[in-house]
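Asks: Here you go, this is coords-v7.cif (mmCIF, C-alpha atoms; chains and numbers go by the auth columns).
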data_query
loop_
_atom_site.group_PDB
_atom_site.id
_atom_site.type_symbol
_atom_site.label_atom_id
_atom_site.label_comp_id
_atom_site.label_asym_id
_atom_site.label_seq_id
_atom_site.Cartn_x
_atom_site.Cartn_y
_atom_site.Cartn_z
_atom_site.B_iso_or_equiv
_atom_site.auth_seq_id
_atom_site.auth_asym_id
ATOM 1 C CA MET A 1 23.209 -14.673 -2.567 0.00 1 A
ATOM 2 C CA LEU A 2 20.457 -12.119 -2.097 0.00 2 A
ATOM 3 C CA GLN A 3 18.239 -11.855 -5.177 0.00 3 A
ATOM 4 C CA LEU A 4 16.225 -8.709 -5.602 0.00 4 A
ATOM 5 C CA ASP A 5 12.938 -8.545 -7.460 0.00 5 A
ATOM 6 C CA PRO A 6 13.168 -5.933 -10.264 0.00 6 A
ATOM 7 C CA ARG A 7 9.566 -4.871 -9.633 0.00 7 A
ATOM 8 C CA ARG A 8 10.260 -4.282 -5.941 0.00 8 A
ATOM 9 C CA GLN A 9 13.425 -2.367 -6.846 0.00 9 A
ATOM 10 C CA ALA A 10 11.439 -0.155 -9.251 0.00 10 A
ATOM 11 C CA SER A 11 8.953 0.605 -6.490 0.00 11 A
ATOM 12 C CA GLU A 12 11.667 1.458 -3.985 0.00 12 A
ATOM 13 C CA ILE A 13 13.449 3.692 -6.490 0.00 13 A
ATOM 14 C CA ALA A 14 10.180 5.490 -7.273 0.00 14 A
ATOM 15 C CA ILE A 15 9.538 6.140 -3.575 0.00 15 A
ATOM 16 C CA HIS A 16 13.125 7.313 -3.020 0.00 16 A
ATOM 17 C CA ARG A 17 12.712 9.648 -6.010 0.00 17 A
ATOM 18 C CA PHE A 18 9.485 10.977 -4.505 0.00 18 A
ATOM 19 C CA ASP A 19 11.209 11.534 -1.144 0.00 19 A
ATOM 20 C CA ALA A 20 14.133 13.382 -2.757 0.00 20 A
ATOM 21 C CA GLU A 21 11.878 15.560 -4.902 0.00 21 A
ATOM 22 C CA HIS A 22 9.536 16.251 -1.984 0.00 22 A
ATOM 23 C CA ALA A 23 12.495 17.356 0.150 0.00 23 A
ATOM 24 C CA ARG A 24 13.401 19.883 -2.563 0.00 24 A
ATOM 25 C CA GLY A 25 9.814 21.100 -2.976 0.00 25 A
ATOM 26 C CA ILE A 26 9.426 19.447 -6.375 0.00 26 A
ATOM 27 C CA GLU A 27 6.072 17.855 -7.181 0.00 27 A
ATOM 28 C CA SER A 28 6.453 14.231 -8.282 0.00 28 A
ATOM 29 C CA HIS A 29 4.362 12.641 -10.990 0.00 29 A
ATOM 30 C CA PHE A 30 3.697 8.956 -11.661 0.00 30 A
ATOM 31 C CA GLU A 31 1.972 7.732 -14.806 0.00 31 A
ATOM 32 C CA PRO A 32 -1.274 5.903 -13.927 0.00 32 A
ATOM 33 C CA GLU A 33 -0.207 2.494 -15.271 0.00 33 A
ATOM 34 C CA PHE A 34 3.183 2.661 -13.536 0.00 34 A
ATOM 35 C CA ALA A 35 1.610 3.782 -10.262 0.00 35 A
ATOM 36 C CA ALA A 36 -0.967 0.965 -10.470 0.00 36 A
ATOM 37 C CA ASP A 37 1.778 -1.601 -11.062 0.00 37 A
ATOM 38 C CA MET A 38 3.816 -0.252 -8.141 0.00 38 A
ATOM 39 C CA LEU A 39 0.693 -0.172 -5.954 0.00 39 A
ATOM 40 C CA ASP A 40 0.066 -3.810 -6.881 0.00 40 A
ATOM 41 C CA GLU A 41 3.654 -4.655 -5.880 0.00 41 A
ATOM 42 C CA LEU A 42 3.101 -2.972 -2.517 0.00 42 A
ATOM 43 C CA LEU A 43 -0.333 -4.453 -1.789 0.00 43 A
ATOM 44 C CA SER A 44 0.108 -7.923 -3.344 0.00 44 A
ATOM 45 C CA GLY A 45 3.836 -8.483 -2.894 0.00 45 A
ATOM 46 C CA PHE A 46 5.198 -6.460 0.001 0.00 46 A
ATOM 47 C CA ALA A 47 2.247 -6.226 2.428 0.00 47 A
ATOM 48 C CA PRO A 48 1.459 -9.975 2.655 0.00 48 A
ATOM 49 C CA ARG A 49 5.121 -10.947 3.039 0.00 49 A
ATOM 50 C CA PRO A 50 6.044 -13.868 5.284 0.00 50 A
ATOM 51 C CA GLY A 51 7.398 -13.064 8.698 0.00 51 A
ATOM 52 C CA LEU A 52 4.920 -10.326 9.513 0.00 52 A
ATOM 53 C CA GLU A 53 4.408 -10.519 13.236 0.00 53 A
ATOM 54 C CA ALA A 54 1.127 -11.894 14.553 0.00 54 A
ATOM 55 C CA LEU A 55 -1.336 -9.076 15.003 0.00 55 A
ATOM 56 C CA ASP A 56 -3.457 -8.392 18.051 0.00 56 A
ATOM 57 C CA ILE A 57 -6.723 -8.219 16.111 0.00 57 A
ATOM 58 C CA SER A 58 -9.871 -9.941 17.325 0.00 58 A
ATOM 59 C CA THR A 59 -11.675 -9.952 13.950 0.00 59 A
ATOM 60 C CA GLU A 60 -10.512 -9.755 10.371 0.00 60 A
ATOM 61 C CA ARG A 61 -11.002 -6.426 8.645 0.00 61 A
ATOM 62 C CA VAL A 62 -11.112 -5.777 4.917 0.00 62 A
ATOM 63 C CA LEU A 63 -9.635 -2.741 3.225 0.00 63 A
ATOM 64 C CA HIS A 64 -10.739 -2.145 -0.372 0.00 64 A
ATOM 65 C CA VAL A 65 -8.347 -0.071 -2.479 0.00 65 A
ATOM 66 C CA HIS A 66 -9.779 1.305 -5.736 0.00 66 A
ATOM 67 C CA ALA A 67 -7.534 3.091 -8.226 0.00 67 A
ATOM 68 C CA ASN A 68 -10.275 4.840 -10.153 0.00 68 A
ATOM 69 C CA ASP A 69 -8.140 6.191 -12.998 0.00 69 A
ATOM 70 C CA VAL A 70 -7.181 2.662 -14.116 0.00 70 A
ATOM 71 C CA ASP A 71 -10.193 0.844 -12.574 0.00 71 A
ATOM 72 C CA GLU A 72 -8.046 -1.549 -10.516 0.00 72 A
ATOM 73 C CA HIS A 73 -9.165 -3.043 -7.189 0.00 73 A
ATOM 74 C CA TRP A 74 -7.390 -4.725 -4.273 0.00 74 A
ATOM 75 C CA TYR A 75 -9.008 -6.258 -1.193 0.00 75 A
ATOM 76 C CA LEU A 76 -6.670 -6.557 1.780 0.00 76 A
ATOM 77 C CA THR A 77 -7.804 -8.791 4.597 0.00 77 A
ATOM 78 C CA ILE A 78 -5.982 -7.840 7.778 0.00 78 A
ATOM 79 C CA GLY A 79 -6.188 -10.431 10.519 0.00 79 A
ATOM 80 C CA ARG A 80 -4.291 -12.238 13.260 0.00 80 A
ATOM 81 C CA ASP A 81 -1.999 -13.954 10.753 0.00 81 A
ATOM 82 C CA GLY A 82 -1.125 -10.812 8.805 0.00 82 A
ATOM 83 C CA ILE A 83 -2.368 -9.545 5.447 0.00 83 A
ATOM 84 C CA THR A 84 -3.771 -11.383 2.459 0.00 84 A
ATOM 85 C CA THR A 85 -4.567 -9.641 -0.808 0.00 85 A
ATOM 86 C CA ALA A 86 -7.166 -10.510 -3.448 0.00 86 A
ATOM 87 C CA ARG A 87 -8.349 -8.702 -6.562 0.00 87 A
ATOM 88 C CA THR A 88 -12.045 -9.352 -5.862 0.00 88 A
ATOM 89 C CA GLY A 89 -14.155 -9.154 -2.740 0.00 89 A
ATOM 90 C CA ASP A 90 -17.513 -8.223 -1.325 0.00 90 A
ATOM 91 C CA HIS A 91 -17.690 -7.212 2.355 0.00 91 A
ATOM 92 C CA VAL A 92 -15.391 -4.291 3.175 0.00 92 A
ATOM 93 C CA ASP A 93 -14.775 -2.209 6.265 0.00 93 A
ATOM 94 C CA LEU A 94 -13.102 0.685 4.448 0.00 94 A
ATOM 95 C CA THR A 95 -12.816 1.704 0.802 0.00 95 A
ATOM 96 C CA ALA A 96 -10.008 4.042 -0.206 0.00 96 A
ATOM 97 C CA SER A 97 -10.508 5.505 -3.701 0.00 97 A
ATOM 98 C CA GLY A 98 -8.302 7.804 -5.711 0.00 98 A
ATOM 99 C CA THR A 99 -5.859 7.821 -8.562 0.00 99 A
ATOM 100 C CA ALA A 100 -3.260 5.060 -8.614 0.00 100 A
ATOM 101 C CA ALA A 101 -0.548 7.642 -7.865 0.00 101 A
ATOM 102 C CA GLU A 102 -2.451 9.090 -4.886 0.00 102 A
ATOM 103 C CA LEU A 103 -3.047 5.612 -3.475 0.00 103 A
ATOM 104 C CA TYR A 104 0.556 4.541 -4.087 0.00 104 A
ATOM 105 C CA LEU A 105 1.813 7.463 -2.013 0.00 105 A
ATOM 106 C CA LEU A 106 -0.866 6.996 0.653 0.00 106 A
ATOM 107 C CA PHE A 107 -0.101 3.322 1.173 0.00 107 A
ATOM 108 C CA TRP A 108 3.642 4.023 1.291 0.00 108 A
ATOM 109 C CA ASN A 109 2.712 6.418 4.122 0.00 109 A
ATOM 110 C CA ARG A 110 3.801 9.448 2.089 0.00 110 A
ATOM 111 C CA ALA A 111 0.423 11.238 1.874 0.00 111 A
ATOM 112 C CA GLU A 112 -2.391 12.271 4.164 0.00 112 A
ATOM 113 C CA ASP A 113 -5.680 10.368 4.249 0.00 113 A
ATOM 114 C CA SER A 114 -7.367 13.474 2.819 0.00 114 A
ATOM 115 C CA SER A 115 -5.585 12.888 -0.510 0.00 115 A
ATOM 116 C CA VAL A 116 -8.118 10.150 -1.354 0.00 116 A
ATOM 117 C CA SER A 117 -11.783 9.406 -0.745 0.00 117 A
ATOM 118 C CA MET A 118 -12.445 7.225 2.321 0.00 118 A
ATOM 119 C CA ASP A 119 -15.711 5.440 2.940 0.00 119 A
ATOM 120 C CA GLY A 120 -16.098 3.338 6.082 0.00 120 A
ATOM 121 C CA GLU A 121 -13.995 2.738 9.182 0.00 121 A
ATOM 122 C CA LYS A 122 -11.174 5.235 8.726 0.00 122 A
ATOM 123 C CA ASP A 123 -9.276 3.886 11.741 0.00 123 A
ATOM 124 C CA LEU A 124 -8.285 0.975 9.500 0.00 124 A
ATOM 125 C CA MET A 125 -5.699 3.315 7.931 0.00 125 A
ATOM 126 C CA ASP A 126 -4.129 3.731 11.399 0.00 126 A
ATOM 127 C CA LEU A 127 -3.841 -0.053 11.597 0.00 127 A
ATOM 128 C CA TRP A 128 -2.239 -0.104 8.112 0.00 128 A
ATOM 129 C CA ARG A 129 0.368 2.434 9.223 0.00 129 A
ATOM 130 C CA GLN A 130 1.071 0.427 12.362 0.00 130 A
ATOM 131 C CA ILE A 131 1.687 -2.874 10.615 0.00 131 A
ATOM 132 C CA CYS A 132 2.993 -1.940 7.177 0.00 132 A
ATOM 133 C CA GLN A 133 6.238 -0.100 7.692 0.00 133 A
ATOM 134 C CA VAL A 134 9.501 -0.534 5.873 0.00 134 A
ATOM 135 C CA ARG A 135 12.155 -1.837 8.221 0.00 135 A
ATOM 136 C CA TRP A 136 15.762 -2.582 7.384 0.00 136 A
ATOM 137 C CA SER A 137 16.518 -6.210 8.194 0.00 137 A
ATOM 138 C CA GLY A 138 20.252 -6.086 7.565 0.00 138 A
ATOM 139 C CA GLY A 139 19.960 -7.825 4.201 0.00 139 A
ATOM 140 C CA GLU A 140 18.297 -10.984 5.508 0.00 140 A
#
Output the file's structure as structure tokens, nothing else.
Replies:
Amino acid sequence: MLQLDPRRQASEIAIHRFDAEHARGIESHFEPEFAADMLDELLSGFAPRPGLEALDISTERVLHVHANDVDEHWYLTIGRDGITTARTGDHVDLTASGTAAELYLLFWNRAEDSSVSMDGEKDLMDLWRQICQVRWSGGE
């Protein structure tokens, strides 16, 4: 029996709500704490999931995500074996800073890079978009 994580379901519902509202020209709003929790689900739960295909990356790269309205940080190491996420770090290749809601939409590939502040190797966001896509697996 397939068990679904309530936190993951909340995140998916929030993104579907955003998509529906966006299609109707309605501006969505996420409370900072909710957006930070959903961003954490995406970056700590969804992104480092098992089964991510091996990546053709010669060196590891670190993406620092800073939700400045709630002062939360995530450090995503993207390497040959996929993505690992930590809440602390030092060396980074790119820092993306903005509100939790802006970052949540950006990392779900629903917003432009210009919606947040980027400092460093901006091509790392292209790599994120390439490897972190939602794909239907037929319920597996």
Asks: For the structure provided, state which residues fall under the PyMOL selection byres ((chain A and resi 84) around 12), and present them as a ChimeraX atom specification.
Replies: /A:42-50,52,60-64,74-83,85-89
Asks: Go ahead and dump the residues you just picked, C-alpha atoms, as a CSV table (one decimal), in the frame of the given file.
Replies:
chain,number,residue,atom,x,y,z
A,42,LEU,CA,3.1,-3.0,-2.5
A,43,LEU,CA,-0.3,-4.5,-1.8
A,44,SER,CA,0.1,-7.9,-3.3
A,45,GLY,CA,3.8,-8.5,-2.9
A,46,PHE,CA,5.2,-6.5,0.0
A,47,ALA,CA,2.2,-6.2,2.4
A,48,PRO,CA,1.5,-10.0,2.7
A,49,ARG,CA,5.1,-10.9,3.0
A,50,PRO,CA,6.0,-13.9,5.3
A,52,LEU,CA,4.9,-10.3,9.5
A,60,GLU,CA,-10.5,-9.8,10.4
A,61,ARG,CA,-11.0,-6.4,8.6
A,62,VAL,CA,-11.1,-5.8,4.9
A,63,LEU,CA,-9.6,-2.7,3.2
A,64,HIS,CA,-10.7,-2.1,-0.4
A,74,TRP,CA,-7.4,-4.7,-4.3
A,75,TYR,CA,-9.0,-6.3,-1.2
A,76,LEU,CA,-6.7,-6.6,1.8
A,77,THR,CA,-7.8,-8.8,4.6
A,78,ILE,CA,-6.0,-7.8,7.8
A,79,GLY,CA,-6.2,-10.4,10.5
A,80,ARG,CA,-4.3,-12.2,13.3
A,81,ASP,CA,-2.0,-14.0,10.8
A,82,GLY,CA,-1.1,-10.8,8.8
A,83,ILE,CA,-2.4,-9.5,5.4
A,85,THR,CA,-4.6,-9.6,-0.8
A,86,ALA,CA,-7.2,-10.5,-3.4
A,87,ARG,CA,-8.3,-8.7,-6.6
A,88,THR,CA,-12.0,-9.4,-5.9
A,89,GLY,CA,-14.2,-9.2,-2.7
Asks: Please, what distance in Å, to one decimal, runs between atom CA of Ser97 of chain A and atom CA of Ala20 of chain A?
Replies: 25.9 Å
Asks: Would you give the centre and edge lengths, in Å to one decimal, of a box along x, y and z around the listed atoms of segment 105-124 of chain A, with 8 Å added to each side, as lines of an AutoDock Vina configuration file?
Replies:
center_x = -6.1
center_y = 7.2
center_z = 4.9
size_x = 35.9
size_y = 28.5
size_z = 29.8
Asks: Mind giving me the straight-line distance from atom CA of Gln130 of chain A to atom CA of Leu106 of chain A in Å, one decimal?
Replies: 13.6 Å
Asks: Would you mind listing what lies within 9 Å of Arg129 of chain A as a list in words, with only C-alpha atoms counted and same-chain residues fewer than 3 positions away left out?
Replies: Phe107, Trp108, Asn109, Leu124, Met125, Asp126, Cys132 and Gln133 of chain A
Asks: Have a look at A:Ala100, A:Val92, A:Ser11, A:Glu33 and name the one nearest to Glu121 of chain A; count all atoms listed in the file.
Replies: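 That would be A:Val92, the residue with the smallest distance to Glu121 of chain A.
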Asks: If you measure from atom CA of Glu12 of chain A to atom CA of Gly98 of chain A, what distance in Å do you get, rounded to one decimal?
Replies: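 Interatomic distance here is 21.0 Å.
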Asks: Counting all atoms listed in the file, figure out which residue out of A:Leu105, A:Leu127, A:Ala35, A:Leu94 gets nearest to His22 of chain A.
Replies: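 Closest residue, counting all atoms listed in the file: A:Leu105.
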Asks: Step by step: start from the point (-10.7, 5.7, 0.9) in the file's coordinates, keep every protein, DNA or RNA residue that has an atom no farther than 9 Å from it, count all atoms listed in the file, and write the set as a list in words.
Replies: Leu63, His64, Val65, His66, Leu94, Thr95, Ala96, Ser97, Gly98, Leu103, Asp113, Ser114, Ser115, Val116, Ser117, Met118, Asp119, Gly120, Lys122 and Met125 of chain A
Asks: Please expand the PyMOL selection byres ((chain A and resi 71) around 10) into the concrete residues it hits in this file, giving the result as number ranges by chain.
Replies: A: 36, 66-70, 72-73, 98-100
Asks: What do you get, as a list in words, if you spell out every residue that the PyMOL selection byres ((chain A and resi 7) around 10) selects here?
Replies: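 Answer for the PyMOL selection byres ((chain A and resi 7) around 10): Leu4, Asp5, Pro6, Arg8, Gln9, Ala10, Ser11, Glu12, Ile13, Asp37, Met38, Asp40, Glu41, Leu42 and Gly45 of chain A.
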Asks: Considering only C-alpha atoms, can you say which of A:Glu102, A:Asp93, A:Glu112, A:Asp123 comes closest to Ser28 of chain A?
Replies: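 Closest to Ser28 of chain A, using only C-alpha atoms: A:Glu102.
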